[in-house]
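Data first, discussion second: the structure below is written as structure tokens.
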Amino acid sequence: MNHTRHGSPAVIYLSHGAGPLPLLGDPAHAEMIDNLKVLASRIDKPSAVLVVSAHWEETVPTVTVGADQPLYYDYYGFPPESYEIAYPAPGDDALSDAVRQALTARGLPCGTEGERGFDHGLFVPLKIMYPEADIPCAQLSLIKRLDPAAHLALGEALAGLDLENLLILGSGFSFHNMRAFFTPDTAETARANDEFQQWLVETCADPALSQDERTARLIHWENAPHARYCHPREEHLLPLHVCCGAAGRPCDEHFRLTIIGKAASTYLWRPA
């Protein structure tokens, strides 16, 4: 697909829920499903989508290549229909090439991957947001060492992708403590998560923060209240760092919601 240059992209960080459950009618994901539809309604339908998924880590940033992308059902223990989900969105080599060029221009390495396919960090939210599966997509990995400054720099490099009507989608989860998902909340644990979500909202949305202050908060996110309770491992948070780096400013809208009984948040930057 050919793209023309057209200003800054739309950027969304979303909380993608538990595996395929949002597509299986799970009532604990009802607010999430509604939120994804709202997010899609807030921007023009994209011409292409670049997804940074929490479920893919490589030594260097790596982008999918190839027009025909299989789905990678990177979850286990779910009903048989979970492994029959279809989302035949085409790959987008023009977008992948542009990603490589944008990273190279900032001195960042960029690998390519032609066989892995699109994981559920891509196909679960996009099947809800854009069910026609008619938007070309590419997927970009996290960096395995999970360094927050490196992911902010990755986002800053992606800010150079001034392609027409592009959506950069950070697919993670603003709360991701797997043990806690299987444990009823207490007043203490609910308060801990709420305080962390509020810290995220302040970091991403407060116009009084300079971008340098926002960046410093994100680099030192472990200093946030209850950070390691909410993210024992940070792979589901780091797509937010990429989004904040790509946007370079406070978000335009944020949403608080409950997913699987836990407080979560999503963030939207409209095209500038």
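Residues are named by chain letter and number: chains run A, B, ... in the order of the structure tokens, numbers start at 1 in each chain, and ligands are numbered from 1 in the order shown.
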Exercise. Residues at most 10 Å from Pro136 of chain A, counting only C-alpha atoms, excluding those fewer than 2 positions away in the same chain, as a ChimeraX atom specification?
Worked result: /A:1,46-50,67,88-95,133-134,138
Exercise. Quick one: residues within 7 Å of Ala263 of chain A, only C-alpha atoms counted, chain neighbours fewer than 4 positions away excluded, as a list in words?
Worked result: Asn193, Asp194, Leu257, Thr258 and Ile259 of chain A
Deliver the residues from the most recent selection as a file, using N, CA and C atoms, as a PDB file, in the first residue's frame.
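Saved result, result22.pdb, follows:
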ATOM      1  N   ASN A 193      -4.291  -0.083  43.214  1.00  0.00           N
ATOM      2  CA  ASN A 193      -4.438   0.027  41.764  1.00  0.00           C
ATOM      3  C   ASN A 193      -4.996   1.400  41.385  1.00  0.00           C
ATOM      4  N   ASP A 194      -5.972   1.870  42.147  1.00  0.00           N
ATOM      5  CA  ASP A 194      -6.573   3.160  41.826  1.00  0.00           C
ATOM      6  C   ASP A 194      -5.532   4.273  41.899  1.00  0.00           C
ATOM      7  N   LEU A 257     -11.886   2.625  33.297  1.00  0.00           N
ATOM      8  CA  LEU A 257     -12.850   1.549  33.136  1.00  0.00           C
ATOM      9  C   LEU A 257     -12.459   0.369  34.009  1.00  0.00           C
ATOM     10  N   THR A 258     -13.346  -0.598  34.098  1.00  0.00           N
ATOM     11  CA  THR A 258     -13.098  -1.815  34.859  1.00  0.00           C
ATOM     12  C   THR A 258     -13.054  -2.994  33.896  1.00  0.00           C
ATOM     13  N   ILE A 259     -11.976  -3.767  33.965  1.00  0.00           N
ATOM     14  CA  ILE A 259     -11.804  -4.946  33.118  1.00  0.00           C
ATOM     15  C   ILE A 259     -11.454  -6.118  34.031  1.00  0.00           C
TER      16      ILE A 259
END
At most 9 Å is the cut-off: for each residue in segment 105-160 of chain A with any atom that close to an atom of segment 215-218 of chain A, write down the nearest atom pair and the distance in Å rounded to one decimal, counting only C-alpha atoms, chain first then increasing number, as JSON lines.
{"residue": "A:Pro148", "atom": "CA", "partner": "A:Leu218", "partner_atom": "CA", "distance": 7.0}
{"residue": "A:Ala149", "atom": "CA", "partner": "A:Leu218", "partner_atom": "CA", "distance": 8.0}
{"residue": "A:Leu152", "atom": "CA", "partner": "A:Thr215", "partner_atom": "CA", "distance": 7.6}
Output C-alpha atoms for every residue in that selection, as a PDB file, in the first residue's frame.
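Output file out-v2.pdb follows:
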ATOM      1  CA  PRO A 148      11.597   2.445  29.695  1.00  0.00           C
ATOM      2  CA  ALA A 149      13.901   5.091  28.182  1.00  0.00           C
ATOM      3  CA  LEU A 152      10.230   6.291  24.864  1.00  0.00           C
TER       4      LEU A 152
END
Exercise. From the set A:Ala247, A:Met129, A:Gly19, A:His176, which residue has the shortest atom-to-atom contact distance to Gln211 of chain A, counting only C-alpha atoms?
Worked result: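 When distances to Gln211 of chain A are compared using only C-alpha atoms, the smallest one comes from A:Ala247.
Residues with any atom within 10 Å of Leu14 of chain A, counting only C-alpha atoms and excluding same-chain neighbours fewer than 2 positions away, are Val11, Ile12, His16, Gly17, Met32, Asn35, Leu36, Leu39, Gly121, Pro125, Leu169, Gly170, Ser171, Gly172, Phe173, Ser174, His236, Leu237, Pro239, Leu240, His254, Phe255, Ala264, Ser265, Thr266, Tyr267 and Leu268 of chain A.
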Problem set entry | helix (DSSP H, G or I) residues, from DSSP on the backbone, in segment 26-227 of chain A, as a ChimeraX atom specification | /A:27-41,80-83,93-105,120-129,148-158,178-181,187-205,211-219,221-223,227
For this session: Run DSSP on the backbone and give me the residues of segment 28-183 of chain A it puts in strand (DSSP E), as a PyMOL selection string.
Result: chain A and resi 48-58+62-64+71-72+111-113+118-119+137-143+166-172
Please write the residues from the selection above to a file, keeping C-alpha atoms, as a compact mmCIF listing (two decimals), in the first residue's frame.
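Written out: part31.txt:
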# COMPACT_ATOMS: atom_id res chain seq x y z
CA ALA A 48 -3.06 1.79 8.21
CA VAL A 49 -2.42 0.63 11.77
CA LEU A 50 0.91 0.03 13.49
CA VAL A 51 0.44 -2.08 16.63
CA VAL A 52 3.02 -2.22 19.41
CA SER A 53 1.98 -5.35 21.31
CA ALA A 54 2.91 -6.30 24.87
CA HIS A 55 3.07 -9.89 23.65
CA TRP A 56 6.12 -9.62 21.41
CA GLU A 57 9.66 -8.97 22.63
CA GLU A 58 12.85 -9.08 20.56
CA THR A 62 11.37 -5.82 14.99
CA VAL A 63 8.57 -5.18 12.50
CA THR A 64 6.38 -7.63 10.61
CA LEU A 71 -2.80 -15.12 13.34
CA TYR A 72 -0.62 -16.20 16.23
CA GLY A 111 14.75 -6.21 12.50
CA THR A 112 12.09 -7.82 10.33
CA GLU A 113 9.87 -10.85 10.93
CA PHE A 118 -0.27 -11.04 14.27
CA ASP A 119 -0.70 -11.88 17.94
CA CYS A 137 -1.52 -3.54 9.58
CA ALA A 138 2.03 -3.98 10.76
CA GLN A 139 3.17 -5.05 14.20
CA LEU A 140 6.24 -3.79 16.06
CA SER A 141 7.91 -5.62 18.93
CA LEU A 142 9.00 -4.38 22.30
CA ILE A 143 12.70 -4.46 23.17
CA LEU A 166 -1.97 6.36 10.39
CA LEU A 167 -2.95 4.93 13.78
CA ILE A 168 -0.23 3.90 16.23
CA LEU A 169 -1.81 1.51 18.70
CA GLY A 170 -0.10 0.56 21.95
CA SER A 171 -1.75 -2.69 22.99
CA GLY A 172 -1.07 -3.50 26.63
